[in-house]
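Student: structure-v8.csv (CSV, C-alpha atoms) pasted underneath:
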```csv
chain,number,residue,atom,x,y,z
A,1,MET,CA,82.3,-6.2,-51.3
A,2,ARG,CA,81.3,-2.6,-50.8
A,3,VAL,CA,78.4,-0.8,-52.5
A,4,TRP,CA,77.3,2.8,-53.1
A,5,ILE,CA,74.4,4.6,-54.8
A,6,ASP,CA,74.6,7.5,-57.2
A,7,GLN,CA,71.6,9.5,-56.0
A,8,ASP,CA,71.6,11.6,-59.1
A,9,LEU,CA,70.7,8.5,-61.1
A,10,CYS,CA,68.2,7.0,-58.5
A,11,THR,CA,64.6,6.8,-59.7
A,12,GLY,CA,63.3,6.0,-56.2
A,13,ASP,CA,61.6,2.8,-57.3
A,14,GLY,CA,62.8,1.0,-54.2
A,15,LEU,CA,63.6,-2.3,-55.9
A,16,CYS,CA,66.9,-2.3,-54.1
A,17,THR,CA,65.1,-2.3,-50.7
A,18,ASP,CA,63.0,-5.3,-51.9
A,19,HIS,CA,66.2,-7.3,-52.7
A,20,ALA,CA,68.3,-6.3,-49.7
A,21,PRO,CA,66.5,-4.2,-47.0
A,22,ALA,CA,69.5,-4.7,-44.7
A,23,VAL,CA,71.7,-2.8,-47.1
A,24,PHE,CA,69.4,-0.3,-48.9
A,25,MET,CA,66.9,2.2,-47.6
A,26,LEU,CA,64.7,5.1,-49.0
A,27,LEU,CA,64.9,8.4,-47.1
A,28,GLU,CA,62.4,11.1,-46.9
A,29,ASP,CA,63.6,12.6,-50.2
A,30,GLY,CA,62.4,9.4,-52.0
A,31,ILE,CA,65.9,8.4,-53.0
A,32,ALA,CA,67.7,5.2,-52.1
A,33,TYR,CA,70.8,5.2,-49.9
A,34,VAL,CA,73.0,2.4,-48.7
A,35,LYS,CA,73.1,1.7,-45.0
A,36,GLU,CA,75.6,0.1,-42.6
A,37,ALA,CA,74.7,-0.9,-39.1
A,38,GLY,CA,71.2,0.5,-39.6
A,39,ARG,CA,72.5,4.0,-40.4
A,40,ALA,CA,72.1,5.7,-43.8
A,41,LEU,CA,75.4,6.6,-45.4
A,42,ASN,CA,74.4,9.7,-47.2
A,43,ASP,CA,77.7,11.1,-48.5
A,44,PRO,CA,77.1,10.6,-52.2
A,45,GLY,CA,80.2,9.9,-54.2
A,46,GLY,CA,82.4,10.0,-51.1
A,47,ALA,CA,84.1,7.4,-49.1
A,48,GLY,CA,81.5,7.9,-46.5
A,49,GLY,CA,78.9,6.6,-48.9
A,50,LEU,CA,80.4,3.1,-49.3
A,51,ALA,CA,78.8,0.4,-47.3
A,52,ARG,CA,80.4,-2.9,-46.5
A,53,VAL,CA,78.2,-5.8,-47.6
A,54,PRO,CA,78.0,-8.9,-45.4
A,55,SER,CA,79.0,-11.9,-47.5
A,56,VAL,CA,75.6,-13.5,-46.9
A,57,LEU,CA,74.0,-10.5,-48.7
A,58,GLU,CA,76.3,-10.2,-51.6
A,59,ALA,CA,74.0,-12.1,-54.0
A,60,ASP,CA,71.1,-9.9,-53.0
A,61,VAL,CA,73.1,-6.7,-53.6
A,62,VAL,CA,74.1,-8.0,-57.1
A,63,ALA,CA,70.5,-8.8,-57.9
A,64,ALA,CA,69.5,-5.3,-56.7
A,65,ALA,CA,72.1,-3.7,-59.0
A,66,ASP,CA,71.0,-5.9,-61.9
A,67,ASP,CA,67.3,-5.0,-61.5
A,68,CYS,CA,67.8,-1.3,-60.7
A,69,PRO,CA,66.0,0.8,-63.4
A,70,GLY,CA,68.2,3.8,-62.7
A,71,GLU,CA,71.4,1.8,-62.9
A,72,CYS,CA,72.6,3.7,-59.9
A,73,ILE,CA,74.0,0.9,-57.7
A,74,PHE,CA,77.8,0.5,-57.9
A,75,ILE,CA,79.6,-2.4,-56.5
A,76,GLU,CA,83.3,-2.4,-55.5
A,77,LEU,CA,85.0,-5.7,-55.2
A,78,PRO,CA,88.2,-6.1,-53.1
A,79,SER,CA,91.3,-6.4,-55.1
A,80,THR,CA,93.1,-9.6,-54.5
A,81,PRO,CA,96.6,-10.3,-55.5
A,82,PHE,CA,97.3,-13.2,-57.8
A,83,ALA,CA,98.3,-16.3,-55.9
A,84,ASP,CA,101.9,-17.4,-56.3
A,85,ARG,CA,102.2,-20.2,-58.9
```
Show the structure stored in the file as structure tokens.
Tutor:
Amino acid sequence: MRVWIDQDLCTGDGLCTDHAPAVFMLLEDGIAYVKEAGRALNDPGGAGGLARVPSVLEADVVAAADDCPGECIFIELPSTPFADR
């Protein structure tokens, strides 16, 4: 799973950081960003703004997206081919 935030929609409430502080952070501008390896990925809308989510945090990231008042958290799931039948 990978996640990114559309900063244009972010309301800065910080609920995402409550759910998954290892994945989300607020910067000085009061807007949320995803982070990976402790570093903010602040390339909004670009490939550099996608953070890989450790599998143990996936449920927390989904909860953050569900609770986000700005609906600005976007989750990308890996595409998996159908198993041969």
Student: For a quick check of understanding, using only C-alpha atoms, which of A:Met25, A:Ala51, A:Ala20, A:Ala40 has the smallest distance to Leu77 of chain A?
Tutor: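 Using only C-alpha atoms, the shortest distance to Leu77 of chain A belongs to A:Ala51.
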Student: Quick one: distance from atom CA of Val34 of chain A to atom CA of Trp4 of chain A in Å, one decimal?
Tutor: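 About the pair atom CA of Val34 of chain A and atom CA of Trp4 of chain A: they are 6.2 Å apart.
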Student: Which value, in Å to one decimal, gives the distance between atom CA of Leu41 of chain A and atom CA of Gly12 of chain A?
Tutor: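 Distance reported for this atom pair: 16.2 Å.
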Student: What is the distance between atom CA of Val62 of chain A and atom CA of Gly30 of chain A, in Å to one decimal?
Tutor: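 Going from atom CA of Val62 of chain A over to atom CA of Gly30 of chain A covers 21.6 Å.
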Student: Write out as number ranges by chain which residues come within 12 Å of Asp18 of chain A when counting all atoms listed in the file, dropping same-chain ones fewer than 3 positions away.
Tutor: A: 13-15, 21-26, 32, 60-61, 63-65, 67-68
Student: Can you tell me, as an NGL selection string, what residues are no more than 9 Å from Val53 of chain A when counting all atoms listed in the file, ignoring any on the same chain fewer than 5 positions away?
Tutor: :A and (1-3 or 23 or 36 or 58 or 61)
Student: So, with all atoms listed in the file as the atoms that count, which of A:Ala59, A:Thr11, A:Cys16, A:Arg52 lies closest to Asp29 of chain A?
Tutor: A:Thr11
